[in-house]
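One structure is given here, and the rest of the page talks about it.
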Amino acid sequence: MAKKAKAVKKGKKPHKNKPTSKKYTKYKIVGDKVTREKSCPRCGPGIFLMSNKGRLYCGKCHYTEYESKGEVKSKWLTFLVYRLEYSLLLLE
């Protein structure tokens with residue numbers, strides 16, 4: 001008859017830090033007003049659309065909006081400029 005393998009106790013698992021929310025990147029300060037980026041029309045306000053090179057995408061309900069080619073280049077450039085300004089602001 002075969003012997004059973006003994007269960008090895010592993011002990012307590014080490015704590016893993018969870019990544020923080022990046023919702024602050026979806027808000028912009030324009031003059032004296034705070035503006036929000038586009039939110040999902042299906043999920044409602046508070047669920048933001050991810051902006052990629054050619055589309056806007058909701059990770060919750062998988063809603064997708066495609067943009068025209070000319071609009072994509074201009075939006076992508078403004079996004080990159082905004083990120084650069086934001087990172088320079090953090091460095092000061």
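In the structure tokens, each chain is lettered A, B, ... as it comes, each chain's residues begin at 1, and ligands are numbered from 1 in order of appearance.
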Just list the residues in chain A DSSP gives strand (DSSP E) on the backbone, as a list in words.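 For chain A, the strand (DSSP E) set is Tyr27, Lys28, Ile29, Val30, Lys33, Val34, Thr35, Arg36, Ser39, Cys40, Gly44, Pro45, Gly46, Ile47, Phe48, Met50, Ser51, Arg55, Leu56, Tyr57, Thr64, Glu65 and Tyr66 of chain A.
With only C-alpha atoms taken into account, the protein and nucleic acid residues at most 9 Å from Tyr63 of chain A (excluding it and anything under 5 positions from it in its own chain) are Cys40, Pro41, Arg42, Leu49, Leu56, Tyr57 and Cys58 of chain A.
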Just N, CA and C atoms for this one: save the residues we selected as a compact mmCIF listing (two decimals), in the first residue's frame.
```txt
# COMPACT_ATOMS: atom_id res chain seq x y z
N CYS A 40 -17.53 56.93 -18.95
CA CYS A 40 -18.25 55.91 -19.73
C CYS A 40 -19.74 56.24 -19.78
N PRO A 41 -20.34 56.24 -20.99
CA PRO A 41 -21.78 56.52 -21.08
C PRO A 41 -22.65 55.39 -20.52
N ARG A 42 -22.13 54.17 -20.50
CA ARG A 42 -22.90 53.05 -19.95
C ARG A 42 -22.82 52.99 -18.42
N LEU A 49 -12.90 56.59 -19.15
CA LEU A 49 -12.46 55.84 -20.32
C LEU A 49 -10.96 55.95 -20.46
N LEU A 56 -11.03 55.13 -27.20
CA LEU A 56 -11.36 55.31 -25.79
C LEU A 56 -12.01 54.02 -25.33
N TYR A 57 -11.61 53.48 -24.17
CA TYR A 57 -12.03 52.15 -23.76
C TYR A 57 -12.41 52.12 -22.29
N CYS A 58 -13.53 51.47 -21.97
CA CYS A 58 -13.95 51.28 -20.58
C CYS A 58 -13.56 49.87 -20.16
```
What parts of chain A does DSSP call alpha helix (DSSP H)? I'd like the answer as a PyMOL selection string. chain A and resi 69-91
What does the file look like for those residues with C-alpha atoms, as a PDB file, in the first residue's frame?
```pdb
ATOM      1  CA  LYS A  69      -6.978  59.590 -37.687  1.00  0.00           C
ATOM      2  CA  GLY A  70      -6.554  63.393 -37.637  1.00  0.00           C
ATOM      3  CA  GLU A  71      -8.206  63.664 -34.243  1.00  0.00           C
ATOM      4  CA  VAL A  72      -5.999  60.886 -32.843  1.00  0.00           C
ATOM      5  CA  LYS A  73      -2.730  62.703 -33.599  1.00  0.00           C
ATOM      6  CA  SER A  74      -3.856  66.001 -32.072  1.00  0.00           C
ATOM      7  CA  LYS A  75      -5.302  64.375 -28.942  1.00  0.00           C
ATOM      8  CA  TRP A  76      -2.209  62.232 -28.455  1.00  0.00           C
ATOM      9  CA  LEU A  77       0.062  65.264 -28.695  1.00  0.00           C
ATOM     10  CA  THR A  78      -2.014  67.245 -26.181  1.00  0.00           C
ATOM     11  CA  PHE A  79      -1.981  64.230 -23.856  1.00  0.00           C
ATOM     12  CA  LEU A  80       1.810  63.967 -24.062  1.00  0.00           C
ATOM     13  CA  VAL A  81       2.241  67.692 -23.422  1.00  0.00           C
ATOM     14  CA  TYR A  82      -0.081  67.472 -20.413  1.00  0.00           C
ATOM     15  CA  ARG A  83       1.871  64.521 -18.973  1.00  0.00           C
ATOM     16  CA  LEU A  84       5.150  66.378 -19.475  1.00  0.00           C
ATOM     17  CA  GLU A  85       3.825  69.505 -17.731  1.00  0.00           C
ATOM     18  CA  TYR A  86       2.459  67.375 -14.871  1.00  0.00           C
ATOM     19  CA  SER A  87       5.766  65.552 -14.364  1.00  0.00           C
ATOM     20  CA  LEU A  88       7.658  68.877 -14.392  1.00  0.00           C
ATOM     21  CA  LEU A  89       5.214  70.222 -11.821  1.00  0.00           C
ATOM     22  CA  LEU A  90       5.915  67.223  -9.565  1.00  0.00           C
ATOM     23  CA  LEU A  91       9.659  67.760  -9.829  1.00  0.00           C
TER      24      LEU A  91
END
```
What separates atom CA of Met50 of chain A and atom CA of Tyr24 of chain A is a distance of 13.3 Å
Between A:Lys6, A:Ser51, A:Lys38, A:Gly46, which is the closest to Lys23 of chain A once you count only C-alpha atoms?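 Looking only at the distances to Lys23 of chain A, the closest residue turns out to be A:Gly46.
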